[in-house]
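Notes follow once the structure below has been shown.
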Amino acid sequence: MAFKDFAGEEQGVELLQRSLERGRLAHGYLFTGHQLDRLEGLARTLAKTLNCLHPVKRGTAAVDCCDQCLNCQKIEHGNHADVFWVRPESKSRQIKIGQIVRRDDSPPRVLLDAINLKPTESQYKFGIIVAADRMNENAANAFLKTLEEPPPCSVLILLTTEPQRMLETILSRCLRLNFAGEGPQQLAPAQMEWVATFSEMAAANQKSLMGRYRLMDVLLRKLNEVKANIDETLTASSPLEKYPDADDGLRKKWEEELKAAVEAEYRRQRGDFLLALQWWLRDVWVHTLGIDHGLKSAVDAGVAERETTNHQLSAIHAPETLLAFPQLAGTQRVAQRITLHSAMENLRVIEQLQCWLHTNAQEALALEVGLLKLQL
C-alpha cells in the first residue's frame, strides 16, 4: 500500500508528508491509533517512501512510494535487510530486553545490532516496534539510550494503541502522529457480521440470564474461530513446517515462538472485536442522549410521559454522522429501554473488561463477568 491508499487517515498522512517535504524527518516516531495492523501498514509505507527507487515527489522530496519497485516489494513482504521489526513474542507477551540488545538468550538478530549497522540495500535503516507499550521496563530503558542518540540514517517507529501505558521518557522523545481517524476503522467483513449479529440479539429481550449467556456464546464462538484461523495461518509459515528435520532443541524454540506469536496475534484481534463492541455501545449511548433530550422536551411541553409511545421514541434519533454503525437498527431498540446512566455505565464496563484482559485474568471468566454487567 501507498499513503494514498489509507482512506480516513488523510490528516495524519498529510502532516507526515509535510515534514518529509520540508526535510524535517524525525529520528523517532510514535504512531497511535485504533488498530495495530493499520499502524503497521503506515510504518511500512514510510519505510517504502524513504527507500523507494521511484518515489512520488513534491519538489525534490519523496512523499509517497511507487509500491512497485524492488525495494517497495521487499519491504512489503518483510524481507528487506534494512527494515527490522520487533514484536511481543515471549510467553508473557512482552518485548524483553533480549530483543533490544544482545543477551545470552537473544534471537539471532536484535534491534540495536540491526539499527547500528550501515544500510546495505537503501538509504535508511528502520527499526519498527509493534505494540511498543508491551516493552518491559528493562527493554524500554535499553531502547531509550538509542532513541536519545540514534545512529545516522536511521528511523525508529513505535506503534501502539495504548500510549498511556508507555514511559513518559520515551513518549517525550518521539514525534507523535495520531492515525485514529474520526471513528472506528473500517471493520473486516467477519467483524461487521459479528457486530450485526450481536446487535440484533441484544435488541431482543435479553433480560433473562439465558439470553445474556447466548450473547456471550456468540462472542466466544467467534473468538474460538479467530484463534483457530490464526493458529493455522502462523503454523503454515513457521520454520517448523519448512524444516521438519531440524534438531529437537531448535524445534522446541520454534514451538515456543509460534505459541507466543499465536497468542499475541489472537489478543490483538480479540481487542479489535471488543473495540467494535465498544463503538456499538457508544452508538447506544448516542441514541440515549437523543431520547433523553426528546423526553425532556415532551415533558416540558406538557405531554404526559405515559403517552410517549414507542413510535414517538423511534422518531427521536441521533444524526447518522455521529454513529459508527448507523445501519444497525438494533442499536436504537436497545437505547429505547435503558437510561442514559445505564448507557454510560456500559461504556465503563467494556473499558474495565479490556483492562482485565490485559492482565492474567482467565479470559472466559472476564468475558462472562463483563457481559453480565452490561445493561441491555
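How things are named: the first chain in the C-alpha cells is A, the next is B, and so on; residues count from 1 in each chain; ligands count from 1 in the order shown.
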
Exercise for review: Find the residues around A:Ala202 up to 8 Å (only C-alpha atoms counted), leave out those fewer than 6 positions away in its own chain, and share them as a list in words.
Suggested key: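 These residues fall inside the cut-off: Leu215, Gly330, Val334 and Leu376 of chain A.
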
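By only C-alpha atoms, and with residues fewer than 2 positions from A:Trp285 along its chain excluded, the set lying at most 10 Å from it is Trp279, Trp280, Leu281, Arg282, Asp283, His287, Thr288, Leu289, Gly290, Ile291, Ala318, Leu323, Thr331, Gln332, Val334, Ala335, Ile338, Thr339, Leu340, His341, Ser342, Ala343, Met344, Glu345, Asn346 and Leu347 of chain A.
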
Put those residues in a file: N, CA and C atoms, as a PDB file, in the first residue's frame.
```pdb
ATOM      1  N   TRP A 279     -17.572   0.524  20.309  1.00  0.00           N
ATOM      2  CA  TRP A 279     -18.158   1.539  19.431  1.00  0.00           C
ATOM      3  C   TRP A 279     -19.663   1.312  19.281  1.00  0.00           C
ATOM      4  N   TRP A 280     -20.113   0.062  19.276  1.00  0.00           N
ATOM      5  CA  TRP A 280     -21.553  -0.207  19.222  1.00  0.00           C
ATOM      6  C   TRP A 280     -22.229   0.315  20.489  1.00  0.00           C
ATOM      7  N   LEU A 281     -21.623   0.093  21.642  1.00  0.00           N
ATOM      8  CA  LEU A 281     -22.182   0.604  22.898  1.00  0.00           C
ATOM      9  C   LEU A 281     -22.177   2.129  22.922  1.00  0.00           C
ATOM     10  N   ARG A 282     -21.174   2.718  22.274  1.00  0.00           N
ATOM     11  CA  ARG A 282     -21.165   4.180  22.164  1.00  0.00           C
ATOM     12  C   ARG A 282     -22.355   4.651  21.322  1.00  0.00           C
ATOM     13  N   ASP A 283     -22.679   3.921  20.253  1.00  0.00           N
ATOM     14  CA  ASP A 283     -23.855   4.265  19.448  1.00  0.00           C
ATOM     15  C   ASP A 283     -25.129   4.213  20.295  1.00  0.00           C
ATOM     16  N   HIS A 287     -27.666   7.354  21.031  1.00  0.00           N
ATOM     17  CA  HIS A 287     -29.128   7.300  20.872  1.00  0.00           C
ATOM     18  C   HIS A 287     -29.843   7.686  22.164  1.00  0.00           C
ATOM     19  N   THR A 288     -29.319   7.227  23.305  1.00  0.00           N
ATOM     20  CA  THR A 288     -29.989   7.581  24.567  1.00  0.00           C
ATOM     21  C   THR A 288     -29.907   9.073  24.832  1.00  0.00           C
ATOM     22  N   LEU A 289     -28.848   9.717  24.370  1.00  0.00           N
ATOM     23  CA  LEU A 289     -28.765  11.180  24.502  1.00  0.00           C
ATOM     24  C   LEU A 289     -29.928  11.841  23.774  1.00  0.00           C
ATOM     25  N   GLY A 290     -30.209  11.381  22.549  1.00  0.00           N
ATOM     26  CA  GLY A 290     -31.314  11.950  21.779  1.00  0.00           C
ATOM     27  C   GLY A 290     -32.655  11.655  22.407  1.00  0.00           C
ATOM     28  N   ILE A 291     -32.851  10.414  22.888  1.00  0.00           N
ATOM     29  CA  ILE A 291     -34.116  10.034  23.512  1.00  0.00           C
ATOM     30  C   ILE A 291     -34.330  10.810  24.801  1.00  0.00           C
ATOM     31  N   ALA A 318     -30.379   9.880  16.745  1.00  0.00           N
ATOM     32  CA  ALA A 318     -29.150  10.653  16.588  1.00  0.00           C
ATOM     33  C   ALA A 318     -28.825  10.810  15.111  1.00  0.00           C
ATOM     34  N   LEU A 323     -22.781   8.292  14.389  1.00  0.00           N
ATOM     35  CA  LEU A 323     -22.835   6.867  14.694  1.00  0.00           C
ATOM     36  C   LEU A 323     -21.760   6.092  13.947  1.00  0.00           C
ATOM     37  N   THR A 331     -29.486  -1.107  17.540  1.00  0.00           N
ATOM     38  CA  THR A 331     -28.875  -0.153  18.462  1.00  0.00           C
ATOM     39  C   THR A 331     -29.922   0.747  19.098  1.00  0.00           C
ATOM     40  N   GLN A 332     -30.804   1.289  18.279  1.00  0.00           N
ATOM     41  CA  GLN A 332     -31.810   2.205  18.797  1.00  0.00           C
ATOM     42  C   GLN A 332     -32.837   1.485  19.665  1.00  0.00           C
ATOM     43  N   VAL A 334     -32.265  -0.994  21.646  1.00  0.00           N
ATOM     44  CA  VAL A 334     -31.652  -1.141  22.968  1.00  0.00           C
ATOM     45  C   VAL A 334     -31.696   0.190  23.708  1.00  0.00           C
ATOM     46  N   ALA A 335     -31.409   1.273  23.007  1.00  0.00           N
ATOM     47  CA  ALA A 335     -31.388   2.593  23.639  1.00  0.00           C
ATOM     48  C   ALA A 335     -32.758   2.990  24.178  1.00  0.00           C
ATOM     49  N   ILE A 338     -33.207   1.497  27.927  1.00  0.00           N
ATOM     50  CA  ILE A 338     -32.273   1.738  29.020  1.00  0.00           C
ATOM     51  C   ILE A 338     -32.121   3.239  29.237  1.00  0.00           C
ATOM     52  N   THR A 339     -31.610   3.589  30.395  1.00  0.00           N
ATOM     53  CA  THR A 339     -31.442   5.005  30.725  1.00  0.00           C
ATOM     54  C   THR A 339     -30.096   5.509  30.211  1.00  0.00           C
ATOM     55  N   LEU A 340     -29.961   6.815  30.198  1.00  0.00           N
ATOM     56  CA  LEU A 340     -28.692   7.431  29.818  1.00  0.00           C
ATOM     57  C   LEU A 340     -27.588   6.995  30.774  1.00  0.00           C
ATOM     58  N   HIS A 341     -27.924   6.914  32.056  1.00  0.00           N
ATOM     59  CA  HIS A 341     -26.938   6.459  33.051  1.00  0.00           C
ATOM     60  C   HIS A 341     -26.474   5.035  32.745  1.00  0.00           C
ATOM     61  N   SER A 342     -27.404   4.154  32.387  1.00  0.00           N
ATOM     62  CA  SER A 342     -27.052   2.773  32.071  1.00  0.00           C
ATOM     63  C   SER A 342     -26.158   2.701  30.839  1.00  0.00           C
ATOM     64  N   ALA A 343     -26.458   3.527  29.843  1.00  0.00           N
ATOM     65  CA  ALA A 343     -25.639   3.537  28.628  1.00  0.00           C
ATOM     66  C   ALA A 343     -24.205   3.979  28.936  1.00  0.00           C
ATOM     67  N   MET A 344     -24.059   4.965  29.805  1.00  0.00           N
ATOM     68  CA  MET A 344     -22.721   5.415  30.205  1.00  0.00           C
ATOM     69  C   MET A 344     -22.012   4.345  31.028  1.00  0.00           C
ATOM     70  N   GLU A 345     -22.765   3.651  31.882  1.00  0.00           N
ATOM     71  CA  GLU A 345     -22.189   2.584  32.688  1.00  0.00           C
ATOM     72  C   GLU A 345     -21.703   1.434  31.803  1.00  0.00           C
ATOM     73  N   ASN A 346     -22.415   1.153  30.715  1.00  0.00           N
ATOM     74  CA  ASN A 346     -21.976   0.111  29.783  1.00  0.00           C
ATOM     75  C   ASN A 346     -20.599   0.428  29.208  1.00  0.00           C
ATOM     76  N   LEU A 347     -20.354   1.680  28.888  1.00  0.00           N
ATOM     77  CA  LEU A 347     -19.045   2.077  28.357  1.00  0.00           C
ATOM     78  C   LEU A 347     -17.955   1.874  29.399  1.00  0.00           C
TER      79      LEU A 347
END
```

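Going from atom CA of A:Gln354 to atom CA of A:Gln11 covers 28.2 Å.
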
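As for atom CA of A:Arg24 and atom CA of A:Val63, they are spaced 12.1 Å apart.
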
Check your understanding: Could you state the separation of atom CA of A:Thr120 and atom CA of A:Ile100 in Å, given to one decimal place?
Key -> 20.3 Å

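Minimum distance to A:Ile157 across A:Tyr213, A:Trp254, A:Tyr29, A:Trp194 (counting only C-alpha atoms) occurs at A:Tyr29.
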
Exercise for review: Excluding stretch 361-368 of chain A and any residue of its chain fewer than 5 positions from it, enumerate the residues within 12 Å of it, using only C-alpha atoms, and give them as an NGL selection string.
Suggested key: :A and (209 or 212-221 or 223-224 or 266-267 or 270 or 274 or 349-356 or 373-374)

Exercise for review: May I ask which of the residues A:Thr45, A:Ser199, A:Thr235, A:Gln336 is the closest one to A:Glu257, counting only C-alpha atoms?
Suggested key: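 Closest to A:Glu257 of all the choices is A:Thr235.
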
When you look at A:Glu193 with a cut-off of 12 Å (counting only C-alpha atoms), what residues show up, excluding the ones that are within fewer than 2 positions of it in the same chain? I need them as a PDB file with C-alpha atoms, in the first residue's frame.
```
ATOM      1  CA  LEU A 187     -14.147  -3.354  10.031  1.00  0.00           C
ATOM      2  CA  ALA A 188     -13.335  -6.589   8.274  1.00  0.00           C
ATOM      3  CA  PRO A 189     -16.436  -8.397   6.942  1.00  0.00           C
ATOM      4  CA  ALA A 190     -16.236 -11.024   9.708  1.00  0.00           C
ATOM      5  CA  GLN A 191     -16.134  -8.305  12.381  1.00  0.00           C
ATOM      6  CA  VAL A 195     -21.391  -6.779  15.341  1.00  0.00           C
ATOM      7  CA  ALA A 196     -24.646  -7.008  13.370  1.00  0.00           C
ATOM      8  CA  THR A 197     -25.484 -10.402  14.942  1.00  0.00           C
ATOM      9  CA  PHE A 198     -24.681  -9.127  18.424  1.00  0.00           C
ATOM     10  CA  SER A 199     -26.781  -6.003  17.858  1.00  0.00           C
ATOM     11  CA  GLU A 200     -29.852  -7.983  16.768  1.00  0.00           C
ATOM     12  CA  VAL A 218     -21.838 -15.568  20.190  1.00  0.00           C
ATOM     13  CA  LEU A 219     -18.645 -13.784  21.246  1.00  0.00           C
ATOM     14  CA  LYS A 222     -16.297 -16.083  17.161  1.00  0.00           C
ATOM     15  CA  PHE A 273     -13.656  -7.292  18.305  1.00  0.00           C
ATOM     16  CA  ALA A 276     -16.034  -2.831  17.758  1.00  0.00           C
ATOM     17  CA  LEU A 277     -18.336  -3.750  20.654  1.00  0.00           C
ATOM     18  CA  PHE A 325     -22.890   1.748  12.734  1.00  0.00           C
ATOM     19  CA  LEU A 328     -27.850  -1.306  12.630  1.00  0.00           C
TER      20      LEU A 328
END
```

Exercise for review: Could you tell me which of A:Gln123, A:Ser237, A:Gln73, A:Ser208 comes closest to A:Pro152 if we count only C-alpha atoms?
Suggested key: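 Of A:Gln123, A:Ser237, A:Gln73, A:Ser208, the one nearest A:Pro152, counting only C-alpha atoms, is A:Gln123.
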
Point to revise | Among listed residues A:Lys48, A:His34, A:Lys96, A:Arg337, nearest A:Asp272 (using only C-alpha atoms) | key: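 Comparing A:Lys48, A:His34, A:Lys96, A:Arg337 against A:Asp272, the winner is A:His34.
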
Exercise for review: Would you kindly return, as a list in words, each protein, DNA or RNA residue with an atom no farther than 12 Å from any atom of A:Thr233, considering only C-alpha atoms and excluding same-chain residues fewer than 3 positions away?
Suggested key: Val226, Lys227, Ala228, Asn229, Ile230, Ala236, Ser237, Ser238, Glu241, Leu258, Ala261, Val262, Glu265 and Tyr266 of chain A

Residue selection dump (C-alpha atoms) as a PDB file, in the first residue's frame:
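The file below, part-v8.pdb, is the result:
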```
ATOM      1  CA  VAL A 226     -10.460 -16.420  15.135  1.00  0.00           C
ATOM      2  CA  LYS A 227      -7.852 -18.247  17.215  1.00  0.00           C
ATOM      3  CA  ALA A 228      -8.122 -21.392  15.087  1.00  0.00           C
ATOM      4  CA  ASN A 229      -7.578 -19.348  11.912  1.00  0.00           C
ATOM      5  CA  ILE A 230      -4.562 -17.580  13.423  1.00  0.00           C
ATOM      6  CA  ALA A 236       1.845 -22.762   7.925  1.00  0.00           C
ATOM      7  CA  SER A 237       4.506 -20.016   7.806  1.00  0.00           C
ATOM      8  CA  SER A 238       6.523 -21.321  10.770  1.00  0.00           C
ATOM      9  CA  GLU A 241       6.794 -26.604   8.600  1.00  0.00           C
ATOM     10  CA  LEU A 258       4.973 -19.977  17.458  1.00  0.00           C
ATOM     11  CA  ALA A 261       3.111 -15.384  18.236  1.00  0.00           C
ATOM     12  CA  VAL A 262      -0.320 -17.060  18.007  1.00  0.00           C
ATOM     13  CA  GLU A 265      -1.958 -12.080  17.338  1.00  0.00           C
ATOM     14  CA  TYR A 266      -5.070 -13.563  18.954  1.00  0.00           C
TER      15      TYR A 266
END
```

Point to revise | Residues within 10 Å of A:Ile95, only C-alpha atoms, excluding chain neighbours under 5 positions, as a ChimeraX atom specification | key: /A:86-90,100,129-140

Exercise for review: Apply DSSP to the backbone of this structure and, from stretch 22-178 of chain A, keep only the residues in helix (DSSP H, G or I); write these as a PyMOL selection string.
Suggested key: chain A and resi 36-51+70-76+97-100+111-116+132-134+137-148+163-165+168-171

Practice item. Please run DSSP on the backbone and report, as JSON, numbers by chain, all residues within stretch 38-105 of chain A that come out as strand (DSSP E or B). Key: {"A": [56, 57, 58, 61, 62, 63, 64, 83, 84, 85, 86, 95]}

Review point. Counting only C-alpha atoms, which of A:His27, A:Arg176, A:Lys74, A:Arg109 gets nearest to A:Gly12?
Key: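 Checking each of A:His27, A:Arg176, A:Lys74, A:Arg109 against A:Gly12, counting only C-alpha atoms, the winner is A:Arg176.
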
Shell around A:Lys118 at 9 Å using only C-alpha atoms, local window under 4 positions removed, as a compact mmCIF listing (two decimals) with C-alpha atoms, in the first residue's frame:
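Writing done, so here's around_35.txt:
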```txt
# COMPACT_ATOMS: atom_id res chain seq x y z
CA ASP A 82 17.34 -2.51 6.28
CA ALA A 114 20.37 -4.16 13.18
CA TYR A 124 17.69 4.49 5.56
CA LYS A 125 17.64 1.86 8.29
CA PRO A 151 22.69 6.26 14.52
CA PRO A 152 22.89 8.29 11.27
CA CYS A 153 20.42 7.40 8.52
CA SER A 154 18.14 5.56 10.92
```

Check your understanding: Which residue, A:Gln68, A:Ala142, A:Thr49, A:Val284, has the smallest gap to A:Arg103 when you use only C-alpha atoms?
Key -> A:Ala142
